[in-house]
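The file coords34.txt contains compact mmCIF, C-alpha atoms and all ligand atoms:
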```txt
# COMPACT_ATOMS: atom_id res chain seq x y z
CA SER A 1 2.95 -6.30 -21.43
CA ILE A 2 1.02 -3.28 -22.67
CA VAL A 3 1.41 -0.03 -20.73
CA TYR A 4 -0.24 3.40 -20.82
CA LEU A 5 1.92 6.50 -21.23
CA ASN A 6 0.54 10.03 -21.72
CA GLY A 7 -2.63 9.04 -23.54
CA GLN A 8 -1.38 6.03 -25.47
CA LEU A 9 -1.17 2.29 -25.05
CA MET A 10 2.10 0.69 -26.15
CA PRO A 11 4.36 -2.29 -25.47
CA MET A 12 6.38 -1.72 -22.28
CA GLN A 13 9.68 -1.83 -24.17
CA ASP A 14 8.55 1.13 -26.30
CA ALA A 15 7.62 3.40 -23.38
CA ARG A 16 9.99 6.38 -23.11
CA ILE A 17 10.18 9.37 -20.83
CA SER A 18 12.83 12.07 -20.59
CA PRO A 19 15.59 11.76 -17.97
CA MET A 20 14.64 15.38 -17.16
CA ASP A 21 11.27 14.20 -15.87
CA ARG A 22 10.88 15.41 -12.28
CA GLY A 23 9.71 11.94 -11.31
CA PHE A 24 13.16 10.67 -12.27
CA LEU A 25 15.17 13.62 -10.90
CA PHE A 26 13.28 14.24 -7.64
CA GLY A 27 10.76 11.44 -7.09
CA ASP A 28 8.28 14.29 -7.63
CA GLY A 29 5.13 12.28 -8.17
CA ILE A 30 2.25 10.27 -6.75
CA TYR A 31 1.33 6.65 -7.39
CA GLU A 32 -1.37 4.11 -6.64
CA VAL A 33 -1.66 0.35 -6.91
CA VAL A 34 -5.18 -0.97 -7.52
CA PRO A 35 -5.66 -4.74 -7.20
CA CYS A 36 -8.08 -6.26 -9.74
CA PHE A 37 -9.35 -9.82 -9.50
CA ALA A 38 -11.07 -11.23 -12.59
CA GLY A 39 -11.19 -7.66 -13.88
CA LYS A 40 -12.86 -6.29 -10.73
CA PRO A 41 -10.96 -3.55 -8.87
CA VAL A 42 -10.93 -3.47 -5.05
CA GLY A 43 -11.56 -0.04 -3.51
CA PHE A 44 -11.28 1.85 -6.81
CA LYS A 45 -12.98 5.03 -5.56
CA LEU A 46 -10.89 5.06 -2.40
CA HIS A 47 -7.69 4.74 -4.43
CA MET A 48 -8.81 7.62 -6.64
CA GLN A 49 -9.58 9.81 -3.63
CA ARG A 50 -6.18 9.14 -2.09
CA MET A 51 -4.41 9.85 -5.37
CA GLN A 52 -6.28 13.13 -5.80
CA GLN A 53 -5.41 14.14 -2.23
CA GLY A 54 -1.73 13.43 -2.90
CA LEU A 55 -1.75 15.37 -6.18
CA THR A 56 -3.48 18.30 -4.49
CA GLU A 57 -0.99 18.26 -1.64
CA LEU A 58 1.93 18.38 -4.09
CA GLY A 59 0.20 20.98 -6.27
CA ILE A 60 0.36 18.74 -9.33
CA ALA A 61 -2.31 19.89 -11.76
CA GLN A 62 -3.52 16.58 -13.09
CA HIS A 63 -7.28 16.42 -13.21
CA PHE A 64 -8.46 13.14 -14.74
CA SER A 65 -11.92 12.28 -13.49
CA ASP A 66 -12.55 8.90 -11.85
CA ALA A 67 -14.24 7.91 -15.13
CA GLN A 68 -11.11 8.74 -17.11
CA TRP A 69 -8.94 6.72 -14.75
CA GLN A 70 -11.45 3.89 -14.89
CA ASP A 71 -11.17 3.94 -18.66
CA ILE A 72 -7.36 3.70 -18.50
CA VAL A 73 -7.64 0.80 -16.06
CA ALA A 74 -10.20 -0.97 -18.27
CA GLN A 75 -8.05 -0.50 -21.39
CA LEU A 76 -4.98 -1.89 -19.60
CA LEU A 77 -6.87 -4.86 -18.15
CA SER A 78 -8.23 -5.81 -21.53
CA ALA A 79 -4.92 -5.23 -23.37
CA ASN A 80 -3.17 -7.47 -20.84
CA GLY A 81 -5.60 -10.36 -20.89
CA GLY A 82 -7.62 -9.60 -17.75
CA GLY A 83 -7.41 -12.10 -14.91
CA ASN A 84 -5.78 -11.11 -11.62
CA LEU A 85 -3.75 -7.97 -12.24
CA GLY A 86 -2.43 -5.14 -10.12
CA VAL A 87 -2.67 -1.79 -11.86
CA TYR A 88 0.11 0.68 -11.06
CA LEU A 89 -0.85 4.33 -11.74
CA HIS A 90 1.77 7.07 -11.65
CA VAL A 91 1.61 10.83 -12.11
CA SER A 92 4.79 12.87 -11.97
CA ARG A 93 4.88 16.65 -12.10
CA GLY A 94 6.32 16.41 -15.60
CA THR A 95 9.44 17.14 -17.65
CA GLN A 96 11.25 20.46 -17.81
CA MET A 97 14.49 21.12 -19.65
CA ARG A 98 16.45 22.36 -16.69
CA ARG A 99 16.83 20.93 -13.23
CA ALA A 100 15.40 23.31 -10.65
CA HIS A 101 13.81 22.75 -7.25
CA ALA A 102 11.03 25.28 -7.80
CA TYR A 103 7.73 23.84 -9.01
CA PRO A 104 7.46 24.90 -12.68
CA SER A 105 4.20 26.51 -13.71
CA ASP A 106 4.20 25.49 -17.37
CA VAL A 107 4.63 21.75 -17.23
CA THR A 108 2.37 18.87 -18.26
CA PRO A 109 2.23 16.00 -15.78
CA THR A 110 3.54 12.64 -16.98
CA VAL A 111 0.95 9.87 -16.61
CA PHE A 112 2.17 6.29 -16.71
CA ALA A 113 0.37 3.05 -15.88
CA PHE A 114 1.12 -0.65 -16.17
CA THR A 115 -0.24 -3.95 -14.93
CA PHE A 116 1.45 -6.85 -13.18
CA GLU A 117 0.35 -10.36 -12.20
CA ILE A 118 -0.94 -10.65 -8.62
CA GLY A 119 -2.08 -14.29 -8.62
CA HIS A 120 -5.09 -15.52 -6.71
CA ALA A 121 -6.76 -13.40 -4.05
CA PRO A 122 -5.25 -14.29 -0.67
CA SER A 123 -6.97 -17.27 0.95
CA ALA A 124 -8.43 -17.34 4.48
CA ASP A 125 -7.30 -20.96 4.85
CA PRO A 126 -4.40 -21.09 7.33
CA THR A 127 -2.87 -24.04 5.46
CA GLN A 128 -2.69 -21.91 2.27
CA ALA A 129 -1.73 -18.59 3.84
CA ARG A 130 1.52 -16.84 3.19
CA THR A 131 3.07 -16.06 6.57
CA PHE A 132 5.57 -13.30 7.31
CA LYS A 133 8.67 -12.87 9.40
CA ALA A 134 9.32 -9.33 10.53
CA VAL A 135 11.99 -7.42 12.40
CA THR A 136 11.67 -4.10 14.25
CA GLU A 137 13.48 -0.88 13.45
CA GLN A 138 13.32 2.80 14.25
CA ASP A 139 11.30 4.59 11.59
CA ARG A 140 13.76 6.82 9.73
CA ARG A 141 11.47 8.03 6.98
CA TRP A 142 10.25 11.60 6.43
CA ARG A 143 7.31 13.14 8.27
CA ARG A 144 4.92 13.12 5.31
CA CYS A 145 4.27 9.41 5.09
CA HIS A 146 0.56 10.08 4.48
CA ILE A 147 1.51 11.16 0.93
CA LYS A 148 1.79 8.20 -1.44
CA SER A 149 4.87 9.67 -3.07
CA THR A 150 6.91 7.83 -5.67
CA ALA A 151 9.96 8.88 -3.59
CA LEU A 152 10.19 5.62 -1.64
CA LEU A 153 13.88 5.62 -0.72
CA GLY A 154 13.14 5.59 3.02
CA ASN A 155 10.79 2.64 2.60
CA ILE A 156 13.04 0.59 0.35
CA MET A 157 16.03 1.10 2.64
CA HIS A 158 14.02 -0.21 5.61
CA TYR A 159 12.75 -3.09 3.47
CA HIS A 160 16.30 -3.96 2.40
CA GLN A 161 17.55 -3.88 5.99
CA GLY A 162 14.78 -6.35 6.85
CA GLN A 163 15.80 -8.64 3.99
CA GLN A 164 19.43 -8.52 5.14
CA GLN A 165 18.20 -9.97 8.44
CA GLY A 166 16.24 -12.74 6.71
CA ALA A 167 12.86 -11.02 7.28
CA ASP A 168 9.99 -10.31 4.87
CA GLU A 169 8.94 -7.01 6.45
CA VAL A 170 10.02 -4.41 8.99
CA LEU A 171 7.81 -3.00 11.73
CA LEU A 172 8.70 0.64 12.29
CA PHE A 173 8.60 2.63 15.55
CA ASN A 174 8.84 6.38 16.02
CA GLU A 175 11.09 8.12 18.56
CA GLN A 176 8.45 7.65 21.27
CA GLN A 177 8.61 3.90 20.59
CA GLN A 178 5.12 3.88 19.11
CA LEU A 179 4.28 1.67 16.16
CA THR A 180 3.88 3.50 12.84
CA GLU A 181 3.60 0.99 9.98
CA ALA A 182 5.73 -1.46 7.98
CA ALA A 183 7.94 -0.65 4.97
CA SER A 184 5.12 -1.47 2.52
CA CYS A 185 2.06 -2.27 4.67
CA ASN A 186 -0.07 -1.06 7.56
CA VAL A 187 -0.01 -3.04 10.80
CA PHE A 188 -2.70 -4.41 13.13
CA VAL A 189 -2.10 -6.05 16.50
CA VAL A 190 -4.41 -8.30 18.52
CA LYS A 191 -4.39 -8.77 22.29
CA ASP A 192 -7.02 -10.66 24.29
CA GLY A 193 -9.45 -10.45 21.36
CA VAL A 194 -9.06 -6.66 20.91
CA ILE A 195 -7.86 -5.53 17.47
CA ALA A 196 -5.85 -2.30 17.29
CA THR A 197 -4.08 -0.26 14.61
CA PRO A 198 -2.26 3.09 14.75
CA LEU A 199 -4.26 6.29 14.16
CA LEU A 200 -4.01 8.08 10.83
CA ASP A 201 -1.52 10.95 10.83
CA HIS A 202 1.59 12.08 8.93
CA GLN A 203 3.50 9.02 10.18
CA ILE A 204 1.62 6.43 8.13
CA LEU A 205 0.03 5.91 4.74
CA PRO A 206 -3.77 5.86 4.96
CA GLY A 207 -3.95 2.35 3.52
CA ILE A 208 -7.03 1.41 1.53
CA THR A 209 -6.85 -2.13 2.89
CA ARG A 210 -6.60 -0.73 6.42
CA TYR A 211 -9.71 1.40 5.77
CA ILE A 212 -11.72 -1.45 4.25
CA LEU A 213 -10.71 -3.84 7.04
CA LEU A 214 -11.71 -1.36 9.78
CA GLU A 215 -15.08 -0.75 8.09
CA VAL A 216 -15.73 -4.45 7.54
CA LEU A 217 -14.86 -5.31 11.16
CA ARG A 218 -17.07 -2.52 12.52
CA ARG A 219 -20.04 -3.46 10.32
CA HIS A 220 -19.85 -7.22 10.32
CA SER A 221 -17.95 -8.55 13.31
CA ARG A 222 -18.26 -8.94 17.05
CA PHE A 223 -14.69 -7.74 17.57
CA ASP A 224 -13.59 -4.72 19.55
CA VAL A 225 -11.60 -2.55 17.10
CA GLN A 226 -9.45 0.42 18.14
CA GLU A 227 -7.48 3.11 16.31
CA ARG A 228 -4.94 4.43 18.80
CA SER A 229 -1.24 4.70 19.51
CA ILE A 230 0.42 1.34 20.12
CA SER A 231 3.61 0.97 22.13
CA ARG A 232 6.55 -1.21 21.25
CA ALA A 233 5.90 -3.26 24.40
CA GLU A 234 2.37 -4.02 23.18
CA VAL A 235 3.62 -5.17 19.80
CA LEU A 236 6.22 -7.44 21.39
CA CYS A 237 3.59 -9.22 23.52
CA ALA A 238 0.75 -9.24 20.94
CA ASP A 239 -1.26 -12.44 20.42
CA GLU A 240 -1.39 -11.75 16.67
CA ILE A 241 0.18 -9.24 14.28
CA TRP A 242 -1.23 -8.65 10.79
CA LEU A 243 0.08 -6.71 7.82
CA THR A 244 -2.41 -5.12 5.44
CA SER A 245 -1.85 -3.98 1.87
CA SER A 246 -3.60 -4.13 -1.47
CA SER A 247 -1.63 -7.16 -2.60
CA LYS A 248 -1.48 -9.03 0.74
CA GLU A 249 -4.97 -8.13 2.05
CA VAL A 250 -4.60 -9.30 5.68
CA ALA A 251 -1.40 -11.27 6.25
CA PRO A 252 -0.22 -12.94 9.47
CA VAL A 253 3.20 -12.17 10.96
CA ILE A 254 4.32 -15.31 12.77
CA GLU A 255 7.81 -14.30 13.80
CA LEU A 256 9.09 -10.97 15.14
CA ASP A 257 12.79 -10.32 15.78
CA GLY A 258 13.37 -14.08 15.61
CA LYS A 259 10.73 -14.95 18.23
CA PRO A 260 7.30 -16.51 17.62
CA VAL A 261 4.33 -14.13 17.76
CA GLY A 262 1.71 -15.14 20.37
CA GLN A 263 1.41 -18.89 20.74
CA GLY A 264 3.40 -19.41 17.54
CA GLY A 265 1.96 -20.03 14.09
CA ILE A 266 -1.09 -18.26 12.68
CA GLY A 267 -3.37 -16.89 15.39
CA PRO A 268 -7.04 -17.85 15.81
CA LEU A 269 -8.59 -14.51 14.73
CA TRP A 270 -6.71 -14.12 11.46
CA SER A 271 -8.68 -16.63 9.41
CA GLU A 272 -12.06 -15.20 10.44
CA VAL A 273 -10.91 -11.67 9.69
CA GLN A 274 -9.36 -12.46 6.29
CA ALA A 275 -12.57 -14.35 5.37
CA LEU A 276 -14.67 -11.31 6.33
CA PHE A 277 -12.37 -9.09 4.29
CA SER A 278 -12.71 -11.37 1.24
CA ALA A 279 -16.48 -11.45 1.59
CA HIS A 280 -16.92 -7.66 1.74
CA LYS A 281 -13.95 -6.11 -0.07
CA TYR A 282 -16.02 -5.13 -3.13
CA ASP A 283 -18.51 -3.15 -1.03
CA PHE A 284 -16.41 0.03 -1.13
N1 LIG A 301 2.00 1.58 3.97
C1 LIG A 301 2.92 1.74 3.00
C2 LIG A 301 4.19 2.43 3.32
C3 LIG A 301 2.66 1.26 1.69
O1 LIG A 301 3.58 1.42 0.71
C4 LIG A 301 1.44 0.61 1.43
C5 LIG A 301 1.14 0.16 0.06
O2 LIG A 301 0.85 -0.93 -0.27
C6 LIG A 301 0.52 0.43 2.50
C7 LIG A 301 0.84 0.95 3.74
C8 LIG A 301 -0.80 -0.26 2.30
O3 LIG A 301 -1.68 0.53 1.55
P1 LIG A 301 -2.86 -0.09 0.69
O4 LIG A 301 -3.68 -0.91 1.62
O5 LIG A 301 -3.58 1.10 0.18
O6 LIG A 301 -2.23 -0.92 -0.38
```
File written out as structure tokens:
Amino acid sequence: SIVYLNGQLMPMQDARISPMDRGFLFGDGIYEVVPCFAGKPVGFKLHMQRMQQGLTELGIAQHFSDAQWQDIVAQLLSANGGGNLGVYLHVSRGTQMRRAHAYPSDVTPTVFAFTFEIGHAPSADPTQARTFKAVTEQDRRWRRCHIKSTALLGNIMHYHQGQQQGADEVLLFNEQQQLTEAASCNVFVVKDGVIATPLLDHQILPGITRYILLEVLRRHSRFDVQERSISRAEVLCADEIWLTSSSKEVAPVIELDGKPVGQGGIGPLWSEVQALFSAHKYDF
């Protein structure tokens, strides 16, 4: 595939960065993943806003405009044949010739981007849907999970622990036994027709899919939707549990800690909600 590195397109096997890059040494960088179906990005502006917030929070002086990013995305989509591609965008603080914790002042950020196949947009047909098994764990990540940092060690360790137990995802709970998110997704729970998801704070990533889903439900559905803290007990007796992320959109969890969620199988609200998401996801 063709990738973008510091202003140039090149074959992936030719892309080179220094091992002294702070992204490599410290995970000192920000990333985004923008899903594009038939060349059309979902939530592009929202992804750009979140990336800029992350860069600002880390004090990384990388100031591409949305139009410049859009141009990089367009170049990559066309160089890689279009179709359904995820675009990964990455900005690290840059390369310096000595390893030091202090943020350097005279460094140029490293900008790297590549595409990967994401297949068809998720279907709202329960017979076609990918379903997920999840397990629960105490959230052991840092307290700045709102930053979409490339330093994902906490997330990948949770994810791996889930895989070791035969699960596809891990639902995480803080020390007060409140739901935070999953290792690579946000989480929604449904009880008696009420849809709830944890509030935005430092414990979760402000997911773009989460945002779009909340907006779509508020504008176009009859459902009661709540952002609030959610206890472990509520999750364990939920009628439905959904994961949201750019690649999964809204995905049903049908098994939690080895037990069926709700009545077992995909719940009745999921299909309607994923269909609404599909219908309105380009509105943002
Ligand atoms: N939470 C975490 C920890 C993530 O890595 C992701 C990324 O996919 C999400 C939530 C979902 O975010 P988005 O909907 O922006 O893809």
(message) Measuring between all atoms listed in the file, which one of A:Cys237, A:Leu276, A:Ile230, A:Ala251 shows the shortest distance to Gln128 (chain A)?
(response) A:Ala251
Quick one: contact table of chain A to ligand LIG 301 (chain A), 10 Å max, nearest atom pair and distance in Å to one decimal per residue, counting all atoms listed in the file, chain and number order, as JSON lines?
```
{"residue": "A:Tyr31", "atom": "CA", "partner": "A:LIG301", "partner_atom": "C5", "distance": 9.9}
{"residue": "A:Glu32", "atom": "CA", "partner": "A:LIG301", "partner_atom": "O5", "distance": 7.8}
{"residue": "A:Val33", "atom": "CA", "partner": "A:LIG301", "partner_atom": "O6", "distance": 6.7}
{"residue": "A:Val34", "atom": "CA", "partner": "A:LIG301", "partner_atom": "O6", "distance": 7.7}
{"residue": "A:Pro35", "atom": "CA", "partner": "A:LIG301", "partner_atom": "O6", "distance": 8.5}
{"residue": "A:Gly43", "atom": "CA", "partner": "A:LIG301", "partner_atom": "O5", "distance": 8.9}
{"residue": "A:Leu46", "atom": "CA", "partner": "A:LIG301", "partner_atom": "O5", "distance": 8.7}
{"residue": "A:His47", "atom": "CA", "partner": "A:LIG301", "partner_atom": "O5", "distance": 7.2}
{"residue": "A:Arg50", "atom": "CA", "partner": "A:LIG301", "partner_atom": "O5", "distance": 8.7}
{"residue": "A:Arg141", "atom": "CA", "partner": "A:LIG301", "partner_atom": "C2", "distance": 9.9}
{"residue": "A:Cys145", "atom": "CA", "partner": "A:LIG301", "partner_atom": "C2", "distance": 7.2}
{"residue": "A:His146", "atom": "CA", "partner": "A:LIG301", "partner_atom": "C2", "distance": 8.5}
{"residue": "A:Ile147", "atom": "CA", "partner": "A:LIG301", "partner_atom": "C2", "distance": 9.4}
{"residue": "A:Lys148", "atom": "CA", "partner": "A:LIG301", "partner_atom": "O1", "distance": 7.3}
{"residue": "A:Ser149", "atom": "CA", "partner": "A:LIG301", "partner_atom": "O1", "distance": 9.2}
{"residue": "A:Thr150", "atom": "CA", "partner": "A:LIG301", "partner_atom": "O1", "distance": 9.6}
{"residue": "A:Leu152", "atom": "CA", "partner": "A:LIG301", "partner_atom": "O1", "distance": 8.2}
{"residue": "A:Gly154", "atom": "CA", "partner": "A:LIG301", "partner_atom": "C2", "distance": 9.5}
{"residue": "A:Asn155", "atom": "CA", "partner": "A:LIG301", "partner_atom": "C2", "distance": 6.6}
{"residue": "A:Ile156", "atom": "CA", "partner": "A:LIG301", "partner_atom": "O1", "distance": 9.5}
{"residue": "A:Thr180", "atom": "CA", "partner": "A:LIG301", "partner_atom": "N1", "distance": 9.3}
{"residue": "A:Glu181", "atom": "CA", "partner": "A:LIG301", "partner_atom": "N1", "distance": 6.2}
{"residue": "A:Ala182", "atom": "CA", "partner": "A:LIG301", "partner_atom": "C2", "distance": 6.3}
{"residue": "A:Ala183", "atom": "CA", "partner": "A:LIG301", "partner_atom": "C2", "distance": 5.1}
{"residue": "A:Ser184", "atom": "CA", "partner": "A:LIG301", "partner_atom": "O1", "distance": 3.7}
{"residue": "A:Cys185", "atom": "CA", "partner": "A:LIG301", "partner_atom": "C7", "distance": 3.6}
{"residue": "A:Asn186", "atom": "CA", "partner": "A:LIG301", "partner_atom": "C7", "distance": 4.4}
{"residue": "A:Val187", "atom": "CA", "partner": "A:LIG301", "partner_atom": "C7", "distance": 8.2}
{"residue": "A:Gln203", "atom": "CA", "partner": "A:LIG301", "partner_atom": "C2", "distance": 9.5}
{"residue": "A:Ile204", "atom": "CA", "partner": "A:LIG301", "partner_atom": "N1", "distance": 6.4}
{"residue": "A:Leu205", "atom": "CA", "partner": "A:LIG301", "partner_atom": "N1", "distance": 4.8}
{"residue": "A:Pro206", "atom": "CA", "partner": "A:LIG301", "partner_atom": "O3", "distance": 6.7}
{"residue": "A:Gly207", "atom": "CA", "partner": "A:LIG301", "partner_atom": "O3", "distance": 3.5}
{"residue": "A:Ile208", "atom": "CA", "partner": "A:LIG301", "partner_atom": "O5", "distance": 3.7}
{"residue": "A:Thr209", "atom": "CA", "partner": "A:LIG301", "partner_atom": "O4", "distance": 3.6}
{"residue": "A:Arg210", "atom": "CA", "partner": "A:LIG301", "partner_atom": "O4", "distance": 5.6}
{"residue": "A:Tyr211", "atom": "CA", "partner": "A:LIG301", "partner_atom": "O4", "distance": 7.7}
{"residue": "A:Ile212", "atom": "CA", "partner": "A:LIG301", "partner_atom": "O4", "distance": 8.5}
{"residue": "A:Leu213", "atom": "CA", "partner": "A:LIG301", "partner_atom": "O4", "distance": 9.3}
{"residue": "A:Leu243", "atom": "CA", "partner": "A:LIG301", "partner_atom": "C8", "distance": 8.5}
{"residue": "A:Thr244", "atom": "CA", "partner": "A:LIG301", "partner_atom": "O4", "distance": 5.8}
{"residue": "A:Ser245", "atom": "CA", "partner": "A:LIG301", "partner_atom": "O4", "distance": 3.6}
{"residue": "A:Ser246", "atom": "CA", "partner": "A:LIG301", "partner_atom": "O6", "distance": 3.7}
{"residue": "A:Ser247", "atom": "CA", "partner": "A:LIG301", "partner_atom": "O6", "distance": 6.7}
{"residue": "A:Lys248", "atom": "CA", "partner": "A:LIG301", "partner_atom": "O6", "distance": 8.2}
{"residue": "A:Glu249", "atom": "CA", "partner": "A:LIG301", "partner_atom": "O4", "distance": 7.3}
{"residue": "A:Val250", "atom": "CA", "partner": "A:LIG301", "partner_atom": "O4", "distance": 9.4}
```
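Every protein, DNA or RNA residue with an atom at most 6 Å from region 196-200 of chain A, where all atoms listed in the file count and chain neighbours fewer than 4 positions away do not, is listed here: Phe188, Val189, Val225, Gln226, Glu227, Arg228 and Ser229 of chain A.
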(message) When you look at Gly82 (chain A) with a cut-off of 7 Å (counting all atoms listed in the file), what residues show up, excluding the ones that are within fewer than 5 positions of it in the same chain? I need them as a PyMOL selection string.
(response) chain A and resi 38-39+77
Would you mind exporting C-alpha atoms of the selected residues as a PDB file, keeping the file's coordinate frame?
```
ATOM      1  CA  ALA A  38     -11.070 -11.230 -12.590  1.00  0.00           C
ATOM      2  CA  GLY A  39     -11.190  -7.660 -13.880  1.00  0.00           C
ATOM      3  CA  LEU A  77      -6.870  -4.860 -18.150  1.00  0.00           C
TER       4      LEU A  77
END
```
(message) Between CA of Ala233 (chain A) and CA of Gly264 (chain A), what is the distance in Å, rounded to a tenth?
(response)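 Taking CA of Ala233 (chain A) and CA of Gly264 (chain A), their separation equals 17.7 Å.
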(request) Considering all atoms listed in the file, state which residue in the set A:Pro109, A:Pro126, A:Pro260, A:Pro268 is at the smallest distance from Leu5 (chain A). (result) A:Pro109
(request) One decimal, Å: what's the distance from CA of Arg140 (chain A) over to CA of Gln165 (chain A), could you say? (result)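 Rounded to one decimal, the two atoms are 17.4 Å apart.
As for CA of Ala167 (chain A) and CA of Val135 (chain A), they are spaced 6.3 Å apart.
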(request) Identify which of the residues A:Thr95, A:Thr115, A:Thr56, A:Gln177 lies closest to Ala74 (chain A), counting only C-alpha atoms when measuring atom-to-atom distances. (result)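 Using only C-alpha atoms, the shortest distance to Ala74 (chain A) belongs to A:Thr115.
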(message) Taking all atoms listed in the file into account, name the residue in A:His202, A:His280, A:Arg232, A:Lys191 that is nearest to Arg219 (chain A).
(response)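 The shortest atom-to-atom distance to Arg219 (chain A) comes from A:His280.
Closest approach to Thr136 (chain A) from the set A:Gln8, A:Gln163, A:Gln75, A:Ser92 is made by A:Gln163, with distances taken over all atoms listed in the file.
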(request) Using all atoms listed in the file, determine which residues lie at most 8 Å from Glu240 (chain A), disregarding the query and same-chain residues fewer than 5 positions distant; provide the list as a list of chain:residue names. (result) A:Val189, A:Val190, A:Lys191, A:Pro252, A:Val253, A:Ile254, A:Val261, A:Gly262, A:Ile266, A:Gly267, A:Leu269, A:Trp270
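Distances here use only C-alpha atoms; by that measure, the residue among A:Ala67, A:Ala15, A:Ala102, A:Leu256 closest to Gly162 (chain A) is A:Leu256.
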With all atoms of region 153-169 of chain A from the file as input, state the centre and edge lengths in Å to one decimal of the axis-aligned box that has 6 Å extra on each side, as AutoDock Vina command-line options.
```
--center_x 14.2 --center_y -3.6 --center_z 3.9 --size_x 22.5 --size_y 30.4 --size_z 21.2
```
(request) Might you pull out every residue within 10 Å of Gly81 (chain A), with all atoms listed in the file counted and same-chain residues fewer than 2 positions away left off, and present them as a ChimeraX atom specification? (result) /A:1-2,38-39,76-79,83-85
(request) Can you pull out every residue within 12 Å of His101 (chain A), counting all atoms listed in the file, but drop anything in the same chain fewer than 2 positions away, and send it as a list of chain:residue names? (result)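 Result of the neighbour search: A:Arg22, A:Leu25, A:Phe26, A:Gly27, A:Asp28, A:Arg93, A:Gln96, A:Arg98, A:Arg99, A:Tyr103, A:Pro104.
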